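Visitor: This is the structure I have questions about; it appears just below.
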Amino acid sequence: MSVKTRFDRAFDRELLKEIQEKLDQGLLPQWLQTDPDIYEMELNNIFSRTWQFLGHESELKQPGDYVTRWMVNDPVLLVKTNTGEIKAFLNSCTHRGTHLCTADFGNKKTFTCPFHGWSFNLDGKLIGIVAGNKVYGEAMDKEEWALRPIPRVETYQGLIFGNLDPNAMSLEEYLGDLIWYWDIFLKRSDGGMEVRGTPQRWIVNTNWKCTLENFGGDPYHVPTVHKSTVELGISPSDPLYSSYGHQVVLKHGHCVNVNVASPGANLPPYQGMPEEMWSMFERNLSKGQLDVFYKTTVIVGSCFPNLSFHCPIHGSEGHLHNYLTLRVWRPLGPEKIEIWSWFLIDKAAPEELKENAYKGYISSFGPSGTLEMDDTEIWTRVVQASKGTMARDKYLSYNNLYNYMMGMGKVEPDSSWPGPGTAYPTCYVDFAFRGIHEYWLELLAKDME
């Protein structure tokens, strides 16, 4: 195999074919985690063409409210206009490209560039130029210098997504059957979900695929990495406790794990939500969704490429709570990500439940959360061990391959599962991982025919 040169399409086709052949065997090269050329291909063929989560409508309550977000390297200004419309713009002044607004959130009537003072209103229109008549005269058309909108912005149940590809499929088509599972927590109660607090952010030296996988299809790590929760009595001592339930593989690289309690465990239905809310669930969900939700302890999964979700029952006896956390794994390079973590709770839930759930979330997740620290250490160690000569060898002479073979040829789909997708009757399988990488390869291979 010749040494790869950037943008060598013949090599790329050959390389991706070899990766696909390995994936068919349940194997993947270790060097995919840290390879800079693969990372450049991901930026061009994945993150420039897929739907990425920007925020939730409840973060923008009043006209003039705004938040600043990122689509990998593209800064985004998300605003609520005076008419109540939510718009997303490239957060860059059209004059000299300055990063226009650097605050995380706030409320403004106009956005003024700190470089030369150009001002824009909530609709992105250029409304003010310093000494405009003197330096530009009458000929300048301000309409031509408005903020540049993100090409596609669409929402689902309050979740706001952006896409840099104007010709991309619709958001709902892209989400596909994932919607059936999301609705179990997004639509179960009257009024849906709302964000509480602001998203936490922190940097981790790892690769975005590692974290996407961890939430998307890896309950297998729970008894080992989070052993401290077992020792504290928060989690069951049964080493298979996170395997009970179903792993569901969906189109477009999406996946869901629906966990249920260990046999003989006595946990309340509906993830411990208050009984006075059960009538909402019965009214808002289908029979199949209700049957799944009734027995569920945790719904966790990933929406390709870099959004994960986790809706657990947490706490100890007498102090159980439920919430939803959304995660964006923003790539900062092949070996570094910025994690964004949101807390959401049912708008219709009692205030005491909201507060207790938020405290439980903070103690478990985020930079100081017990579960987060467990995961973060492992994620960084994956990359630490994947940067050397042996791990980065593309000739595969060192047999530097990941094992994604769990369940292959041994576990068959459950035809009685009430939801869409291909469901397997245990969560200790690697079908979700292989589904993620099948779509990852499909997107990388685009434009190479």
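Simple scheme: letters A, B, ... for chains in structure tokens order, numbers from 1 for residues in each chain, numbers from 1 for ligands in the order shown.
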For Ile129 (chain A), please output as an MDAnalysis selection string all residues within 9 Å (counting only C-alpha atoms; exclusion window: fewer than 6 positions along the same chain).
Guide: chainID A and resid 116:119
Visitor: Quick one: everything within 7 Å of region 291-303 of chain A, counting only C-alpha atoms, minus sequence neighbours fewer than 6 positions away in the same chain. Send it as a list in words.
Guide: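 Counting only the stated atoms, we get Ile184, Leu212, Phe215, Gly216, Gly217, His254, Cys255, Val256, Asn257, Val258, Asn259, Val260, Ala261, Pro269, Tyr270, Gln271, Phe309, His310, Cys311, Pro312 and Ile313 of chain A.
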Visitor: Restricting the output to N, CA and C atoms, write the selected residues as a tab-separated table (two decimals), in the first residue's frame.
Guide:
chain	number	residue	atom	x	y	z
A	184	ILE	N	-40.92	8.96	23.35
A	184	ILE	CA	-41.20	8.38	24.66
A	184	ILE	C	-40.85	9.37	25.77
A	212	LEU	N	-19.41	9.06	20.99
A	212	LEU	CA	-20.67	8.71	20.33
A	212	LEU	C	-20.99	7.24	20.54
A	215	PHE	N	-22.14	6.24	24.36
A	215	PHE	CA	-23.55	6.44	24.67
A	215	PHE	C	-24.45	5.63	23.73
A	216	GLY	N	-23.99	5.43	22.50
A	216	GLY	CA	-24.85	4.83	21.50
A	216	GLY	C	-25.03	3.33	21.63
A	217	GLY	N	-24.02	2.61	22.13
A	217	GLY	CA	-24.17	1.16	22.13
A	217	GLY	C	-23.27	0.43	23.10
A	254	HIS	N	-28.11	5.96	13.55
A	254	HIS	CA	-28.72	6.18	14.86
A	254	HIS	C	-28.89	4.85	15.59
A	255	CYS	N	-28.94	4.90	16.91
A	255	CYS	CA	-29.12	3.68	17.70
A	255	CYS	C	-29.65	4.02	19.08
A	256	VAL	N	-30.32	3.03	19.69
A	256	VAL	CA	-30.96	3.20	21.00
A	256	VAL	C	-30.75	1.93	21.82
A	257	ASN	N	-30.50	2.11	23.11
A	257	ASN	CA	-30.53	0.99	24.05
A	257	ASN	C	-31.64	1.26	25.05
A	258	VAL	N	-32.55	0.31	25.17
A	258	VAL	CA	-33.68	0.43	26.09
A	258	VAL	C	-33.48	-0.60	27.19
A	259	ASN	N	-33.01	-0.13	28.34
A	259	ASN	CA	-32.71	-1.04	29.46
A	259	ASN	C	-33.93	-1.25	30.34
A	260	VAL	N	-34.01	-2.45	30.91
A	260	VAL	CA	-35.03	-2.77	31.91
A	260	VAL	C	-34.31	-3.26	33.16
A	261	ALA	N	-35.04	-3.39	34.26
A	261	ALA	CA	-34.45	-3.78	35.54
A	261	ALA	C	-33.97	-5.23	35.51
A	269	PRO	N	-42.66	1.75	37.92
A	269	PRO	CA	-42.84	1.91	36.48
A	269	PRO	C	-42.56	3.34	36.03
A	270	TYR	N	-42.49	3.51	34.72
A	270	TYR	CA	-42.33	4.83	34.12
A	270	TYR	C	-41.15	5.60	34.70
A	271	GLN	N	-40.04	4.91	34.91
A	271	GLN	CA	-38.80	5.52	35.38
A	271	GLN	C	-38.99	6.32	36.67
A	309	PHE	N	-28.05	10.98	23.80
A	309	PHE	CA	-29.12	11.26	24.75
A	309	PHE	C	-29.12	10.18	25.82
A	310	HIS	N	-29.52	10.57	27.02
A	310	HIS	CA	-29.53	9.64	28.15
A	310	HIS	C	-30.69	10.03	29.06
A	311	CYS	N	-31.67	9.13	29.18
A	311	CYS	CA	-32.86	9.38	30.00
A	311	CYS	C	-32.94	8.24	31.02
A	312	PRO	N	-32.36	8.43	32.23
A	312	PRO	CA	-32.24	7.33	33.18
A	312	PRO	C	-33.20	7.44	34.36
A	313	ILE	N	-33.30	6.36	35.10
A	313	ILE	CA	-33.82	6.41	36.46
A	313	ILE	C	-32.58	6.39	37.35
Visitor: Among region 194-341 of chain A, which residues does DSSP mark as alpha helix (DSSP H) when it is run on the backbone? Keep the chain and numbering as in the structure and answer as a PyMOL selection string.
Guide: chain A and resi 208-217+222-225+227-231+278-284+287-295
Visitor: For the atom pair CA of Leu54 (chain A) and CA of Asp177 (chain A), what is the interatomic distance in Å to one decimal place?
Guide: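 So the answer is 20.7 Å.
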Visitor: So, with only C-alpha atoms as the atoms that count, which of A:Asp447, A:Glu42, A:Asp183, A:Glu57 lies closest to Gln289 (chain A)?
Guide: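 Answer, going by the shortest atom-to-atom distance: A:Asp183.
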Visitor: Need the shell around region 46-49 of chain A: protein/DNA/RNA residues with any atom at most 9 Å away, counting only C-alpha atoms. Skip same-chain ones fewer than 6 positions apart. Format as a list in words?
Guide: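 Final neighbour list, sorted by chain and number: Met71, Val72, Asn163, Leu164, Asp165, Pro166, Asn167, Ala168, Pro305, Asn306, Trp440, Leu443 and Leu444 of chain A.
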Visitor: Would you output that residue set with C-alpha atoms, as a PDB file, in the first residue's frame?
Guide:
ATOM      1  CA  MET A  71     -21.239  23.391  14.249  1.00  0.00           C
ATOM      2  CA  VAL A  72     -17.702  22.037  14.638  1.00  0.00           C
ATOM      3  CA  ASN A 163     -27.409  21.672   8.477  1.00  0.00           C
ATOM      4  CA  LEU A 164     -24.710  23.280   6.333  1.00  0.00           C
ATOM      5  CA  ASP A 165     -25.919  21.450   3.223  1.00  0.00           C
ATOM      6  CA  PRO A 166     -28.817  23.305   1.560  1.00  0.00           C
ATOM      7  CA  ASN A 167     -29.724  20.140  -0.368  1.00  0.00           C
ATOM      8  CA  ALA A 168     -29.842  17.809   2.637  1.00  0.00           C
ATOM      9  CA  PRO A 305     -23.054  12.209  13.924  1.00  0.00           C
ATOM     10  CA  ASN A 306     -22.455  13.815  17.328  1.00  0.00           C
ATOM     11  CA  TRP A 440     -19.829   6.651   8.764  1.00  0.00           C
ATOM     12  CA  LEU A 443     -20.748   9.190   4.075  1.00  0.00           C
ATOM     13  CA  LEU A 444     -16.982   9.134   3.787  1.00  0.00           C
TER      14      LEU A 444
END
Visitor: As a list in words, please: the residues near Gly360 (chain A) (cut-off 12 Å, only C-alpha atoms, same-chain neighbours under 4 positions excluded).
Guide: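 Within the cut-off, the hits are Pro312, Ile313, His314, Gly315, Ser316, His319, Leu320, His321, Asn322, Tyr323, Leu324, Thr325, Phe343, Leu353, Lys354, Glu355, Asn356, Ser364, Phe365, Gly366, Gly369, Thr370 and Leu371 of chain A.
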Visitor: As JSON, numbers by chain, please: every residue in region 126-330 of chain A that a backbone DSSP assignment puts in strand (DSSP E).
Guide: {"A": [126, 127, 128, 152, 153, 154, 155, 156, 159, 160, 161, 162, 163, 193, 194, 195, 200, 201, 202, 203, 204, 245, 246, 247, 248, 249, 255, 256, 257, 258, 259, 260, 296, 297, 298, 299, 300, 301, 302, 303, 307, 308, 309, 310, 311, 312, 313, 314, 321, 322, 324, 325, 326, 327, 328, 329, 330]}
Visitor: What is the distance between CA of Trp208 (chain A) and CA of Tyr358 (chain A), in Å to one decimal?
Guide: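 Separation of CA of Trp208 (chain A) and CA of Tyr358 (chain A): 25.9 Å.
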Visitor: Using only C-alpha atoms for the distances, tell me which of A:Thr50, A:Thr422, A:Ser341, A:Gln157 is nearest to Met169 (chain A).
Guide: A:Thr50
Visitor: Looking at only C-alpha atoms, which of A:Gly407, A:His95, A:Leu175, A:Glu194 is the one that sits closest to Ala146 (chain A)?
Guide: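 Answer, going by the shortest atom-to-atom distance: A:His95.
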Visitor: Nearest residue to Val204 (chain A) out of A:Arg283, A:Lys22, A:Lys125, A:Arg381, using only C-alpha atoms?
Guide: A:Arg381
Visitor: Let me make sure I understand: among A:His221, A:Arg434, A:Lys347, A:Lys251, which one has the smallest atom-to-atom distance to Met277 (chain A) if we use only C-alpha atoms?
Guide: A:Lys347
